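Shown next, in structure tokens, is the structure this report addresses.
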Amino acid sequence: MSDKSDKSEKSSNTHLPNTLPVCPVRGSVIYPGMVMPIDAGRPVSIKAIDAALAQERVILIVSQRDKDVEEPTGDDLYDIGTACNVLRMRKNSDGSVQMLVQAFARVRVSRYFKEAGHLSADVTLIEEVEGKATELKALFREVKGRFENLLKEGKYLSPEVAQFVINLEDPTQLADYIAFHLDFKLEDKQRILETASAIERLKRVAVLLDAELDLLETQRRIQQQVKDEVDKNQREFYLREQMKAIQRELNGEDGELEVEEFREKVAALKLPENVLPEVERELNRFARMHPDSAEASVVRTYLDWIVGLPWNTRTEDQINLKQAKAILEEDHYGLDKVKDRVLEYLAVRKLKLERLTNPSGKTGDVGQAKQGEIAAEEVAKGPILLFVGPPGVGKTSIAKGIAKSLGRKYHRISLGGARDESDIRGHRRTYIGALPGRVIQGLRQAGSKNPVFLLDEVDKLGASYQGDPAAALLELLDPAQNKEFTDHYLGVPFDMSEVLFICTANFAENIPGPLMDRMEMLEFTSYIEQEKLEIAKRYLLPRQLGENGLRDKQVIVTEAALTRLITHYTREAGVRNLEREIGTLLRKAARVILEDGKKRIRITDADLERYLGPARFMPESEAREPQVGVATGMFYTPVGGDIMFIETSVMPGKGQLILTGQLGEVMKESARAALSYAKKNAVRLGIPLEKFDNSDVHIHVPAGAVPKEGPSAGIALTTSLVSALAETPVRNDVSMTGEITLTGRVLAIGGVKEKVLGARRAGIREVILPKQNQPDLSDIPAYLRHNLRFHFAENLDQALNWVLVGGTKGMGAKPTEPVRKPRRPKVQPAARA
């Protein structure tokens, strides 16, 4: 020890100054009466020790609330500490300080403050409170007894410390020494320091000793359980081996061979980590069962399903865009949007694969990408598509074509009329005859982890007391959840994220909103006549020739005959009935060939009535001449578009509006809006005002047996009404469609393509459409717009001026814009539409 250290040694004193230097300590609490060495390495502590030596050699030892704070302030320290005499101090070569202190009093800090690079504190003495002697003595004995029990239970303390504590006779020091030497929490030790009453300190220590005893008991119990479990596993191993020997004697080698066969198959599957434990548990159960027991049959069926599923079997996608496009074009005519979506998926898949596997990171013209930039599961993730459209338009058949173009397996699940959740998720194994759901069954049949799954007729799902299948589909069709789809029968998750799901529906509004939100909808519109003609020539006619035993060119059906067959013998959105009619026609032709001995038959449009009877449908055609009160509207149904005539008759009466023809509520409202528009603009349109009060207006829309609904007949209703009231004829070669408002604005409508083609078939050559629908003409091929003239109306004045004979000028109508002379809008030629 150096000279300076020797001079720093002094005897202790119990004088308490009002202000003391503060030495923060971390993770420990010192109690009065103790002599303790303290190591100090932080500058704030060393300076506090120097200040104490320079004054009365009294220092305040206070615990930090957070031991990780390197430069504590007053807020980081407790308010109760211990006043200590510095008995000895020594400085080390590394700059740290070691001192020996003797604690002599509990003190309360009223204020911390910074002074000469260290903390100081204003302190007051906390007087010791002993309490009743009898209670103190009883607590003293109780605490000492619990301490001794703790040592007997295995709590380790050095023999010197344990003997010292046991030999203590001062009740006020027993609680302090026990709290110091046992590994209580810092907060508990500080609470004992802050307690002035010896009785209360002993009570607190008694509670802490009880907690330690409980902890030791729990540890001993856990150790015993672990030991018992190890012994049990060893015992089970020996018993299992004995059971195998017994089973071999009773059942021969077959039962054991079956178990080993299952084990080999399970090992070869390389099951996911979250699946393997459950399968091994069932396999171990099966090994312990008699092969002929009922339970063994249940477990055997379960294991058969597990080993039969394609856990890691998948087909490689054909990422050749040209080849995929050729396959799609070969099997299906039209459906461009669906084909484009499939080719887009293939293109994205190809780019992802290149970014994942190309070690150079070069992807040609698409830019740079590092290896492994995209996760493998993201590359394999399949889209979830919804095909919505009327029956017979090719929704199901295009799904087969998609699977063929991708080189994937194909499986179809018909959900029409399904009312049980177990159809999707399967039955729980507690039921007799339980099986997985149709999704897992389909995967097993497909034999691939990434097939094309067609969920047919999802809009026809039902709900019953057995559950809602549509709700069960929510997890299956959610890309964020179907990676861990759990079938009730399997009881383990199966990754469905690589499956390309395609759903079909006739009516999207029947699909629940949450389910609809998970799918990408592609709408299938009905085939137009030209598309049906091409489909009949390319696919239907050759197929029916083969099915009816006829050779190519043995029966020749002219294009005119096919066209008449489409327009006069079928009325549908798709081509199913058309194929049936072609089959009927060819069967009759085959009979004629055999009966009359002809080698070849040519069927023209004039021959259809002889083979198929009179025409079943007569499409509307344009009126022969302009008429007052008769306007030509256009409508659209799932089976295509056509024209309709709206007739208005004005007769003497009391101002009533009569609507007939099975009109829906929306169409009736359009008629009322048309009447309100006519009344408001009567003077401008040359209609006598008294006519509204003295006449009844009757609007009729043939055919009366067909329900009609929708707002798109607004222009036609207004035209028919104004024509009848103003007694001005309506042009018979113009058809119109568009929703109207009370102010005369013309709003956009739907089904433009079908309506225009229906008007074209009826012989109409001029069509009035809302201005907002002008971009929709791009959906109509240019050759079908040939010889059609389109007018795009923004308001009713424009529409009336085009459709009424002589225009609105002949009616005495005033211009709607008095500032400038109204002029007829420029008509857009069909070729440039």
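Following the order of the structure tokens, chains are lettered A, B, ..., residues in each are numbered from 1, and ligands are numbered from 1.
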
Exercise for the section: Looking only at helix (DSSP H, G or I) from DSSP on the backbone, list the matching residues of region 499-706 of chain A as a ChimeraX atom specification. Expected result: /A:508-510,513-516,529-547,559-568,576-596,605-612,665-680,682-685,690-694

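By chain and then residue number, the residues within 9 Å of region 314-322 of chain A are Pro310, Trp311, Asn312, Ala324, Lys325, Ala326, Ile327, Leu343, Leu346, Ala347, Arg349, Lys350, Ser405, Leu406, Gly407, Arg408, Lys409, Gly447, Ser448, Lys449, Asn450 and Pro451 of chain A, counting only C-alpha atoms and disregarding those fewer than 2 positions away in sequence.
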
Can you spit out the residues from that selection as a compact mmCIF listing (two decimals), in the first residue's frame, using C-alpha atoms?
```
# COMPACT_ATOMS: atom_id res chain seq x y z
CA PRO A 310 -48.04 -34.67 -53.28
CA TRP A 311 -46.18 -32.87 -50.48
CA ASN A 312 -43.19 -32.05 -52.69
CA ALA A 324 -48.66 -21.31 -74.66
CA LYS A 325 -50.32 -18.74 -76.90
CA ALA A 326 -50.54 -21.24 -79.75
CA ILE A 327 -52.22 -23.82 -77.48
CA LEU A 343 -49.74 -15.06 -70.82
CA LEU A 346 -46.34 -16.77 -67.55
CA ALA A 347 -44.28 -13.69 -68.39
CA ARG A 349 -43.24 -16.19 -63.70
CA LYS A 350 -40.41 -16.33 -66.22
CA SER A 405 -50.79 -24.36 -71.98
CA LEU A 406 -48.97 -24.33 -68.63
CA GLY A 407 -48.19 -28.04 -68.70
CA ARG A 408 -49.98 -28.54 -65.37
CA LYS A 409 -52.39 -31.13 -64.06
CA GLY A 447 -50.77 -36.03 -58.09
CA SER A 448 -49.18 -32.60 -58.16
CA LYS A 449 -48.71 -29.78 -55.69
CA ASN A 450 -49.30 -27.08 -58.32
CA PRO A 451 -52.28 -28.13 -60.47
```

Would you write out, as a Markdown table, a table of all residues in region 691-756 of chain A that have an atom no more than 7 Å from an atom of region 797-807 of chain A, listing for each the closest atom pair and the distance in Å to one decimal, considering only C-alpha atoms and ordering rows by chain and rising residue number?
```
| residue | atom | partner | partner_atom | distance |
| --- | --- | --- | --- | --- |
| A:Thr719 | CA | A:Leu800 | CA | 6.4 |
| A:Thr728 | CA | A:Leu804 | CA | 6.8 |
| A:Pro729 | CA | A:Val805 | CA | 5.7 |
| A:Val730 | CA | A:Leu804 | CA | 4.6 |
| A:Arg731 | CA | A:Val803 | CA | 5.6 |
| A:Val734 | CA | A:Val803 | CA | 6.5 |
```

Next, write the just-selected residues to a file, as a PDB file, in the first residue's frame, keeping all heavy atoms as the atom set.
```
ATOM      1  N   THR A 719     -87.973  10.024 -76.434  1.00  0.00           N
ATOM      2  CA  THR A 719     -88.238  10.254 -77.861  1.00  0.00           C
ATOM      3  C   THR A 719     -89.652   9.832 -78.224  1.00  0.00           C
ATOM      4  O   THR A 719     -90.390  10.569 -78.909  1.00  0.00           O
ATOM      5  CB  THR A 719     -87.216   9.478 -78.699  1.00  0.00           C
ATOM      6  OG1 THR A 719     -85.901   9.919 -78.379  1.00  0.00           O
ATOM      7  CG2 THR A 719     -87.474   9.688 -80.179  1.00  0.00           C
ATOM      8  N   THR A 728     -94.898  14.338 -84.027  1.00  0.00           N
ATOM      9  CA  THR A 728     -93.792  14.357 -84.988  1.00  0.00           C
ATOM     10  C   THR A 728     -93.266  12.934 -85.143  1.00  0.00           C
ATOM     11  O   THR A 728     -92.950  12.276 -84.150  1.00  0.00           O
ATOM     12  CB  THR A 728     -92.650  15.268 -84.490  1.00  0.00           C
ATOM     13  OG1 THR A 728     -93.172  16.582 -84.289  1.00  0.00           O
ATOM     14  CG2 THR A 728     -91.503  15.319 -85.499  1.00  0.00           C
ATOM     15  N   PRO A 729     -93.135  12.394 -86.348  1.00  0.00           N
ATOM     16  CA  PRO A 729     -92.675  11.009 -86.531  1.00  0.00           C
ATOM     17  C   PRO A 729     -91.222  10.831 -86.089  1.00  0.00           C
ATOM     18  O   PRO A 729     -90.425  11.768 -86.104  1.00  0.00           O
ATOM     19  CB  PRO A 729     -92.827  10.775 -88.044  1.00  0.00           C
ATOM     20  CG  PRO A 729     -93.717  11.864 -88.523  1.00  0.00           C
ATOM     21  CD  PRO A 729     -93.503  13.043 -87.628  1.00  0.00           C
ATOM     22  N   VAL A 730     -90.900   9.571 -85.730  1.00  0.00           N
ATOM     23  CA  VAL A 730     -89.544   9.189 -85.340  1.00  0.00           C
ATOM     24  C   VAL A 730     -88.928   8.381 -86.478  1.00  0.00           C
ATOM     25  O   VAL A 730     -89.585   7.518 -87.066  1.00  0.00           O
ATOM     26  CB  VAL A 730     -89.559   8.337 -84.048  1.00  0.00           C
ATOM     27  CG1 VAL A 730     -88.135   7.963 -83.642  1.00  0.00           C
ATOM     28  CG2 VAL A 730     -90.248   9.083 -82.928  1.00  0.00           C
ATOM     29  N   ARG A 731     -87.681   8.656 -86.780  1.00  0.00           N
ATOM     30  CA  ARG A 731     -86.996   7.935 -87.846  1.00  0.00           C
ATOM     31  C   ARG A 731     -86.933   6.439 -87.520  1.00  0.00           C
ATOM     32  O   ARG A 731     -86.612   6.044 -86.397  1.00  0.00           O
ATOM     33  CB  ARG A 731     -85.591   8.484 -88.044  1.00  0.00           C
ATOM     34  CG  ARG A 731     -85.547   9.886 -88.620  1.00  0.00           C
ATOM     35  CD  ARG A 731     -84.125  10.413 -88.674  1.00  0.00           C
ATOM     36  NE  ARG A 731     -83.249   9.534 -89.468  1.00  0.00           N
ATOM     37  CZ  ARG A 731     -81.939   9.729 -89.596  1.00  0.00           C
ATOM     38  NH1 ARG A 731     -81.362  10.751 -88.963  1.00  0.00           N
ATOM     39  NH2 ARG A 731     -81.229   8.899 -90.329  1.00  0.00           N
ATOM     40  N   VAL A 734     -83.031   4.602 -87.026  1.00  0.00           N
ATOM     41  CA  VAL A 734     -82.150   5.039 -85.943  1.00  0.00           C
ATOM     42  C   VAL A 734     -82.572   4.312 -84.660  1.00  0.00           C
ATOM     43  O   VAL A 734     -83.756   4.315 -84.305  1.00  0.00           O
ATOM     44  CB  VAL A 734     -82.208   6.566 -85.730  1.00  0.00           C
ATOM     45  CG1 VAL A 734     -81.296   6.981 -84.585  1.00  0.00           C
ATOM     46  CG2 VAL A 734     -81.833   7.297 -87.006  1.00  0.00           C
TER      47      VAL A 734
END
```

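Interatomic distance, CA of Thr743 (chain A) against CA of Leu796 (chain A): 8.9 Å.
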
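Residues with any atom within 7 Å of Ile601 (chain A), counting only C-alpha atoms and excluding same-chain neighbours fewer than 6 positions away, are Gln554, Val555 and Ile556 of chain A.
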
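Between Asp733 (chain A) and the candidates A:Ala703, A:Val630, A:Ile715, A:Val226, the tightest atom-to-atom separation, counting only C-alpha atoms, involves A:Val630.
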